[in-house]
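Engineer: Right, I'll just put the structure down here and ask away after.
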Amino acid sequence: MGFIGMGTQGRGLLGGFLGDASAQVVAVCDVDRTRREAAQQQVETFYGKDRPEGWKGCASHSDYEALLGRADIDAVCIATPDHWHALITVAALRAGKDVYCEKPLTHNIAEAVAVMEAVKANGRVLQTGSMQRSMGEFRVACELALNGVLGKISRVDAGFGGPARPRDLAEEAAEPGLDWDRWLGPAPLAPYSAVLSPRGVHGGYPAWRECAEYGGGGVCDFGAHQLDIAQWGLGMDGSGPVSIKPPAGVAEAFAAKKNAALRGCELTYANGVVVRQAEKNGVTFYGSEGRVWVDRGGFELELGGKCFAKKTSAEDRVSVESQYGKAERELLRDAKIRLPKSGNHLANFLDAIRTRRQPVAHEIAGGSTAIGCHLISIAYRTNAAFQWDPQLRQLVGKGIDPQQLTRAYRAPYSF
């Protein structure tokens with residue numbers, strides 16, 4: 001495996017894959033010299049004297065093209081800022097590599113379509129970093145919704161933050177060892193800011209996603225996780241909403257630079273179900289017979305007005321496994337719809353490479369979720385309701401400029 005993008009998330013994924021003996025890490029890549037050398041050292045130190053058979057060390061690259069050109073690399077892990085995801089992913093697929101790419105899969109809708117098509121055209125495996133699909137509480141909640149245990153689903157609340165806004169950052173002195181022009185890549189030329197790429201090996205997650213040129217704010221951050229679960233539980237992988245409606249107060253929030261606090265955008269699906277961007281963390285499916293709320297380490301099921309299972313906080317002495325396990329045993333024993341089980345998102349990807357079967361968060365799931373997130377972002381940017389055709393993946397009517405589906409790419413970067 002080769003790794004592209006060695007920030008906080010990239011280092012975490014690197015550690016995860018290093019822990020699986022079925023994979024060998026042979027190369028790392030980053031536009032920042034300090035980060036790529038630190039990642040290289042992380043790999044060399046991990047293997048130490050107990051090096052895997054045939055392993056010849058870990059190379060360090062500044063350009064992802066050099067890494068993708070290596071014949072000894074079967075798969076890549078991409079954890080760059082969002083505005084680079086699609087270009088590197090498509091290049092990797094064309095180079096014959098299988099791909100693990102962080103969520104959201106792309107920076108815009110046109111890129112999501114391009115990635116899905118590239119996976120099919122090149123016969124590769126792709127896993128999106130929507131790792132909630134590999135957590136039992138989310139799988140069981142979705143199976144309850146899909147198998148009618150909750151009755152007819154009318155609404156889903158998904159908790160995540162607001163949209164990004166155009167970049168508004170002061171120029172700072174350049175960071176030594178950072179190829180800033182390359183960090184920007186297809187994004188517009190702009191001066192360096194440590195807000196976007198903190199100096200050296202940093203902790204935490206930089207705020208580049210709050211700038212629309214590089215990311216999609218909270219909508220494309222936790223929205224990519226929660227909307228993914230909403231669509232999984234509605235059986236909408238490969239599909240999407242037919243109409244999108246922003247809440248009131250969008251213009252005022254952007255004017256006051258409070259866009260991150262925006263909530264309330266609604267996605268309506270062809271079956272009438274409304275997915276609403278909500279304040280409460282997690283995802284809640286509302287049905288005619290009950291509701292289920294699920295979050296990381298949280299699970300609450302109510303049926304017929306009575307509590308069936310509950311794990312909502314660290315103070316609860318029960319385990320989340322016991323609560324969703326009870327629901328699975330007693331309510332899904334004869335379920336007709338079963339979702340794939342994956343106890344480890346990274347291992348699920350590696351298994352898909354070996355078997356050539358779809359991983360749990362494949363390109364159709366990741367692409368469809370990314371499109372949903374970008375539709376929400378468009379509603380916020382334009383402050384307008386509009387219609388969408390999820391099969392043709394195009395706008396319906398003339399209310400929204402089709403250019404909202406893509407972006408201008410700075411030369412020489414393109415597909």
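Residues in the structure tokens are numbered from 1 in each chain, the chains being A, B, ... in the order shown, and ligands are numbered from 1 in the order shown.
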Select from stretch 206-244 of chain A every residue with an atom at most 12 Å from any atom of stretch 394-413 of chain A, then for each give the shortest pair of atoms and their distance in Å to one decimal, using only C-alpha atoms, rows by chain and rising number, as CSV.
Structural biologist:
```
residue,atom,partner,partner_atom,distance
A:Ala212,CA,A:Arg407,CA,10.7
A:Glu213,CA,A:Arg407,CA,9.0
A:Tyr214,CA,A:Arg407,CA,11.0
A:Ser239,CA,A:Gln394,CA,12.0
A:Gly240,CA,A:Gln394,CA,11.2
A:Pro241,CA,A:Leu395,CA,11.3
A:Val242,CA,A:Val396,CA,8.9
A:Ser243,CA,A:Val396,CA,9.2
A:Ile244,CA,A:Leu395,CA,10.8
```
Engineer: Excluding stretch 333-345 of chain A and residues on its chain fewer than 2 positions from it, collect all residues at most 7 Å away from it, counting only C-alpha atoms, and give them as a PDB file with N, CA and C atoms, in the first residue's frame.
Structural biologist:
```pdb
ATOM      1  N   MET A 131     -16.917   5.024   8.047  1.00  0.00           N
ATOM      2  CA  MET A 131     -16.709   3.825   8.846  1.00  0.00           C
ATOM      3  C   MET A 131     -17.854   3.503   9.787  1.00  0.00           C
ATOM      4  N   SER A 134     -19.360   0.183   9.464  1.00  0.00           N
ATOM      5  CA  SER A 134     -18.694  -0.968  10.083  1.00  0.00           C
ATOM      6  C   SER A 134     -18.919  -1.015  11.589  1.00  0.00           C
ATOM      7  N   MET A 135     -19.915  -0.274  12.079  1.00  0.00           N
ATOM      8  CA  MET A 135     -20.283  -0.280  13.493  1.00  0.00           C
ATOM      9  C   MET A 135     -21.651  -0.922  13.640  1.00  0.00           C
ATOM     10  N   ARG A 139     -25.644  -0.483  11.727  1.00  0.00           N
ATOM     11  CA  ARG A 139     -26.190  -1.533  10.852  1.00  0.00           C
ATOM     12  C   ARG A 139     -27.551  -2.005  11.362  1.00  0.00           C
ATOM     13  N   GLU A 143     -31.240  -1.821   9.608  1.00  0.00           N
ATOM     14  CA  GLU A 143     -32.020  -3.029   9.336  1.00  0.00           C
ATOM     15  C   GLU A 143     -33.414  -2.938   9.950  1.00  0.00           C
ATOM     16  N   LEU A 146     -35.298  -0.815   7.464  1.00  0.00           N
ATOM     17  CA  LEU A 146     -35.507  -1.483   6.181  1.00  0.00           C
ATOM     18  C   LEU A 146     -36.501  -2.638   6.259  1.00  0.00           C
ATOM     19  N   ASN A 147     -36.601  -3.285   7.408  1.00  0.00           N
ATOM     20  CA  ASN A 147     -37.459  -4.469   7.546  1.00  0.00           C
ATOM     21  C   ASN A 147     -38.840  -4.168   8.114  1.00  0.00           C
ATOM     22  N   GLU A 328     -31.530  -6.893  17.658  1.00  0.00           N
ATOM     23  CA  GLU A 328     -31.222  -7.798  16.545  1.00  0.00           C
ATOM     24  C   GLU A 328     -31.760  -9.196  16.825  1.00  0.00           C
ATOM     25  N   ARG A 329     -31.558  -9.682  18.015  1.00  0.00           N
ATOM     26  CA  ARG A 329     -32.004 -11.046  18.354  1.00  0.00           C
ATOM     27  C   ARG A 329     -33.517 -11.174  18.350  1.00  0.00           C
ATOM     28  N   GLU A 330     -34.204 -10.195  18.934  1.00  0.00           N
ATOM     29  CA  GLU A 330     -35.637 -10.331  19.148  1.00  0.00           C
ATOM     30  C   GLU A 330     -36.495  -9.789  18.002  1.00  0.00           C
ATOM     31  N   LEU A 331     -35.969  -8.841  17.246  1.00  0.00           N
ATOM     32  CA  LEU A 331     -36.790  -8.182  16.229  1.00  0.00           C
ATOM     33  C   LEU A 331     -36.350  -8.464  14.798  1.00  0.00           C
ATOM     34  N   ALA A 347     -10.060  -3.492   7.548  1.00  0.00           N
ATOM     35  CA  ALA A 347      -9.964  -4.908   7.204  1.00  0.00           C
ATOM     36  C   ALA A 347     -10.983  -5.281   6.136  1.00  0.00           C
ATOM     37  N   ASN A 348     -12.154  -4.637   6.170  1.00  0.00           N
ATOM     38  CA  ASN A 348     -13.176  -4.885   5.158  1.00  0.00           C
ATOM     39  C   ASN A 348     -12.672  -4.496   3.767  1.00  0.00           C
ATOM     40  N   PHE A 349     -11.930  -3.390   3.698  1.00  0.00           N
ATOM     41  CA  PHE A 349     -11.329  -2.972   2.423  1.00  0.00           C
ATOM     42  C   PHE A 349     -10.293  -3.976   1.952  1.00  0.00           C
ATOM     43  N   VAL A 360     -18.081  -2.585   2.219  1.00  0.00           N
ATOM     44  CA  VAL A 360     -19.334  -2.119   2.820  1.00  0.00           C
ATOM     45  C   VAL A 360     -19.661  -0.671   2.442  1.00  0.00           C
TER      46      VAL A 360
END
```
Engineer: When DSSP works through the backbone of this structure, what residues of stretch 132-302 of chain A end up as strand (DSSP E or B), shown as number ranges by chain?
Structural biologist: A: 153-159, 165, 178, 211, 243-245, 266-268, 274-278, 283-287, 290-295, 298-302
Engineer: I want to know what sits within 10 Å of stretch 60-75 of chain A, based on only C-alpha atoms, with residues of the same chain fewer than 5 positions away left out; could you give that as a PyMOL selection string?
Structural biologist: chain A and resi 1-5+23-33+36-41+88+91-100+124-126+178-179+182+349-350+353
Engineer: Between A:Pro81, A:Gly223, A:Gly15, A:Leu105, which has the minimum distance to A:Ala207 (counting only C-alpha atoms)?
Structural biologist: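 Comparing A:Pro81, A:Gly223, A:Gly15, A:Leu105 against A:Ala207, the winner is A:Pro81.
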Engineer: Calculated over only C-alpha atoms, which of the candidates A:Thr34, A:Arg276, A:Ser154, A:Ala379 has the smallest distance to A:Ala251?
Structural biologist: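 Checking each candidate against A:Ala251, we get A:Ala379 as the closest.
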Engineer: Could you tell me how far atom CA of A:Pro390 sits from atom CA of A:Phe285, in Å to one decimal place?
Structural biologist: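 Interatomic distance here is 21.5 Å.
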Engineer: Could you pull the residues within 9 Å of stretch 376-378 of chain A, counting only C-alpha atoms, minus those fewer than 3 positions along the same chain, as a list of chain:residue names?
Structural biologist: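 Using only C-alpha atoms, the neighbours found are A:Gly162, A:Pro163, A:Ala164, A:Gly216, A:Gly217, A:Val219, A:Cys220, A:Ile244, A:Lys245, A:Pro246, A:Cys265, A:Glu266, A:Leu267, A:Ile371, A:Gly372, A:Cys373, A:Arg381, A:Thr382, A:Asn383, A:Ala384, A:Ile400, A:Gln404, A:Leu405.
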Engineer: If we count only C-alpha atoms and set the cut-off at 6 Å, which residues sit around A:Gly264, ignoring sequence neighbours fewer than 3 positions away in its own chain? Please answer as a PyMOL selection string.
Structural biologist: chain A and resi 247+277-278
Engineer: Can you work out which one of A:Ile364, A:Leu144, A:Ala327, A:Val76 has the shortest atom-to-atom distance to A:Val119, counting only C-alpha atoms?
Structural biologist: A:Ile364
Engineer: Rounded to one decimal, what separation in Å do you get between atom CA of A:Ser288 and atom CA of A:Leu234?
Structural biologist: 14.6 Å
Engineer: Taking only C-alpha atoms into account, produce a table as a tab-separated table in which each residue of stretch 80-178 of chain A with an atom at most 12 Å from an atom of stretch 301-304 of chain A appears once, together with its shortest atom pair and the distance in Å to one decimal, ordered by chain and rising number.
Structural biologist:
```
residue	atom	partner	partner_atom	distance
A:Glu137	CA	A:Leu301	CA	11.1
A:Val140	CA	A:Leu301	CA	10.7
A:Ala141	CA	A:Leu301	CA	8.6
A:Cys142	CA	A:Leu301	CA	11.8
A:Leu144	CA	A:Leu301	CA	9.5
A:Ala145	CA	A:Leu301	CA	11.1
A:Gly148	CA	A:Leu303	CA	11.7
A:Val149	CA	A:Leu303	CA	8.5
A:Leu150	CA	A:Leu303	CA	7.1
A:Gly151	CA	A:Leu303	CA	9.5
```
Engineer: With only C-alpha atoms as the basis for distance, which of A:Lys310, A:His83, A:His202, A:Lys56 is at the shortest distance from A:Gly10?
Structural biologist: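 Smallest distance to A:Gly10 is found for A:His202.
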Engineer: Using only C-alpha atoms, which residue out of A:Val294, A:Leu375, A:Leu13, A:Ile153 lies closest to A:Ala110?
Structural biologist: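 Under the stated criterion, the closest residue is A:Leu375.
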